[in-house]
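Worksheet for the structure shown next.
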Amino acid sequence: MKAVYKKDLKSAFTGMIGWVLCAFVVVVVGLYFTAICLQSGYADFSLVLYNTTFIFLVVVPLLTMRSIVEERRQKTDQLLLTSRASIAGIVWGKYLALVTVYAIPLAIVGICPLVMRAYGSVPLARSYAALLAFFLMGAAAIAIGLFMSSLTENQIIAAVCTFGSLLFLYLMPSIAGLLSSSAAASLAAFTVLAALLALFLHWMTKSLVLPSAVFCVLEGGLTAVYFLKPVWLEGLFPKLLNSLALFGRFDNFVNGLFDISSLVYFVSVALLFVFFTCQGFEKRRWS
Amino acid sequence: MITVKELTKRYGAHTAVDALSFTVDKGQIYGLLGPNGAGKSTTMNIITGYISATDGTAEIDGCDIFDSPAEARAKIGYLPEQPPLYTDMTPREYLAFAAELKGLPREQRKAAVEQCMERTNIADVADRLIRNLSKGYRQRVGLACALLGDPPVIILDEPTVGLDPKQIIEIRELIRSLGQEHTVLLSSHILSEVNAVCDKVLIMSHGKLVACDTPENLTAHAAGHAALRITVMGTQEAVQAALSPLLEQGAQAVEFVPCEEENAVTARIVCSGGADLRAPAGIALAGAGLAVLRMDAETTSLEDVFLELTGDEPEAGEEETSGRAGEDEDGAAAQAELEMAGDAPEEIASAEENTAHAHQPENEEEERK
């Protein structure tokens, strides 16, 4: 793990990508810091971070697109996979290297609250709690990007897929707000989801029985709930979408709430997608 | 050292490796031969743990590659078909990374890297970017990486591809020197290379092992029907008479084949059991006062063995039948010529000028008469 970590971190900074992304994050956060804190006089640094969450849409795809695709293209994955290192070790090495590249500019902008401290009272705890959440949110997004990079054969496709999924997560609260919260709408939405799940199962297993059975059970359950307890279904689908909104969870930290459940959520997303990436590697070996 | 048991790899309906079993002994150089798509690289990729097998397993020095993958992989140095190089590194950085990845202790890494660079002659390009190196140097960097940590088993997938003749000789010498303390398994489609370097040859075709022996035994085995072809100035009868004593010295048969030269006949002496009949034949003909114009030994090379073993089955069948048909024709022609010669000696020259086909109907007509 250590060897891969060091190699990836070094290669990010022997090329341009590491320097450019670090500069980009520092410049964007610096601009908002100047506008919000220095010129408008708000002492709360979390406001700056709240306004700069869009940088993930730019930084994460560019950061993660090379990671695994490039190994595969140059066939260097043969070296990694035939060495004594485990797949989990390799993937964690790569992931932590990406997270480190992203943590460097955050460490630099971490000076901002201290700068303001010299001129007045600053809510330091709130600022640094927001910075921690900002870091973990990025770490979760990087795990998603890493997974996308492990799925595709091409950097550009990896970047576009990552950008698409992050944009979807970014817009999720707005999408959820657009949807009707009636029980019937939720029933329809869940029916579509169940059908998609059945199709996916059919694609994976090539059988007809299992997907049909799964679809019937899910649909039966949904219909029963709809007729017996329609209240349960009311607004359930928008709620589900909102719970998936990765970036929406950051709002709590801006309001001064140290939301542990959100931190756990970010860490879980990161772990889940690193795990998926390992499984993707393993699957390639077996297919 | 390497034991492969019933190894099978299927891609959908396509079977790349089909119940392959073989054993590689310690301290020997094995050559894996086969046409493109025979499953050589797939087999190597499975043994080294890059991909998995559908069925079967392999053991490296007693470690099963699926039960204890890390231990098994630690015993292998692998150079894949395309060397797995990071082009934005220098060879020194690359080898240092590989040494760490292979889990060499920190204090040994530097010395191991230097030693490998020396062995593969890349010390003079150690600090240039791999991106800027030629194919030959890249291949050697890959080879140096395979040698790192002195693994007991070294697996090389087409190690001399893309090298110039001088480099090929150097690499072959290196491989031969590796064979003294390591077990080497290399794949190649250059037969002379396998012949020159390997102690044993494994020939694969359509995912199956079709032969496993030393190059000498393989050619000797196939040389069971070696033959001598002699063109002699003179008549067929005289040659036949002069050569007949050879039948007691190991010749199986003396037959005559069409000859292009005037006033000469070509005899084909089929030798059994690898007997060398060149000298006796020369002496016999000289004794009879017949001038030998030309003498060739038909020997089987590893190439013939390879083509024979790896040919597509239906095609091989066709070749065999067509070959037999050809022989029959030759035989018939020779017979026709013999009869013609017997009937009218003065017509030999003209008979030889014409083709066997033209004479056959005539001959049959004569027989009917």
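If you're wondering about the labels, chains in the structure tokens are A, B, ... by order shown, residues count from 1 in each chain, ligands from 1 in order shown.
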(Q) Tell me as a PyMOL selection string which residues belonging to chain A come within 7 Å of chain B, counting only C-alpha atoms. (A) chain A and resi 3+74-76+78-79+81-85+285-286
Serialized selection, N, CA and C atoms, as a CSV table (one decimal), in the first residue's frame:
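Output file again-v4.csv follows:
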chain,number,residue,atom,x,y,z
A,3,ALA,N,3.9,1.7,-1.0
A,3,ALA,CA,4.7,1.9,-2.3
A,3,ALA,C,3.8,2.5,-3.3
A,74,GLN,N,-1.5,1.5,-19.7
A,74,GLN,CA,0.0,1.2,-19.8
A,74,GLN,C,0.3,-0.2,-19.4
A,75,LYS,N,-0.7,-1.0,-19.0
A,75,LYS,CA,-0.5,-2.4,-18.6
A,75,LYS,C,0.3,-2.5,-17.3
A,76,THR,N,0.4,-1.4,-16.6
A,76,THR,CA,1.2,-1.4,-15.4
A,76,THR,C,0.4,-2.1,-14.3
A,78,GLN,N,-0.5,-4.9,-14.5
A,78,GLN,CA,0.1,-6.3,-14.5
A,78,GLN,C,1.2,-6.4,-13.4
A,79,LEU,N,2.0,-5.3,-13.3
A,79,LEU,CA,3.0,-5.3,-12.3
A,79,LEU,C,2.4,-5.3,-10.9
A,81,LEU,N,-0.7,-6.2,-9.9
A,81,LEU,CA,-1.5,-7.4,-9.5
A,81,LEU,C,-0.6,-8.6,-9.4
A,82,THR,N,0.5,-8.6,-10.1
A,82,THR,CA,1.4,-9.8,-9.9
A,82,THR,C,2.4,-9.7,-8.8
A,83,SER,N,2.4,-8.5,-8.1
A,83,SER,CA,3.3,-8.4,-7.0
A,83,SER,C,2.6,-9.0,-5.8
A,84,ARG,N,3.2,-9.0,-4.7
A,84,ARG,CA,2.6,-9.6,-3.5
A,84,ARG,C,1.6,-8.7,-2.8
A,85,ALA,N,1.5,-7.4,-3.3
A,85,ALA,CA,0.5,-6.5,-2.7
A,85,ALA,C,-0.9,-7.0,-3.0
A,285,ARG,N,-10.3,-9.6,-12.8
A,285,ARG,CA,-9.4,-10.7,-12.8
A,285,ARG,C,-10.2,-12.0,-13.1
A,286,TRP,N,-11.4,-12.1,-12.7
A,286,TRP,CA,-12.2,-13.4,-12.8
A,286,TRP,C,-12.9,-13.5,-14.1
Q: Run DSSP on the backbone and grab whatever in stretch 42-76 of chain B lands in strand (DSSP E); send it over as a list in words.
A: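 Matching residues for strand (DSSP E) in stretch 42-76 of chain B are Asp55, Gly56, Thr57, Ala58, Glu59, Ile60, Cys63, Asp64 and Ile76 of chain B.
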Q) Got a sec to tell me which of stretch 14-247 of chain A DSSP assigns to alpha helix (DSSP H), as a ChimeraX atom specification? A) /A:14,17-32,45-51,55-64,69-73,77-81,87-109,112-117,124-151,155-178,183-205,209-228,230-233,236-244
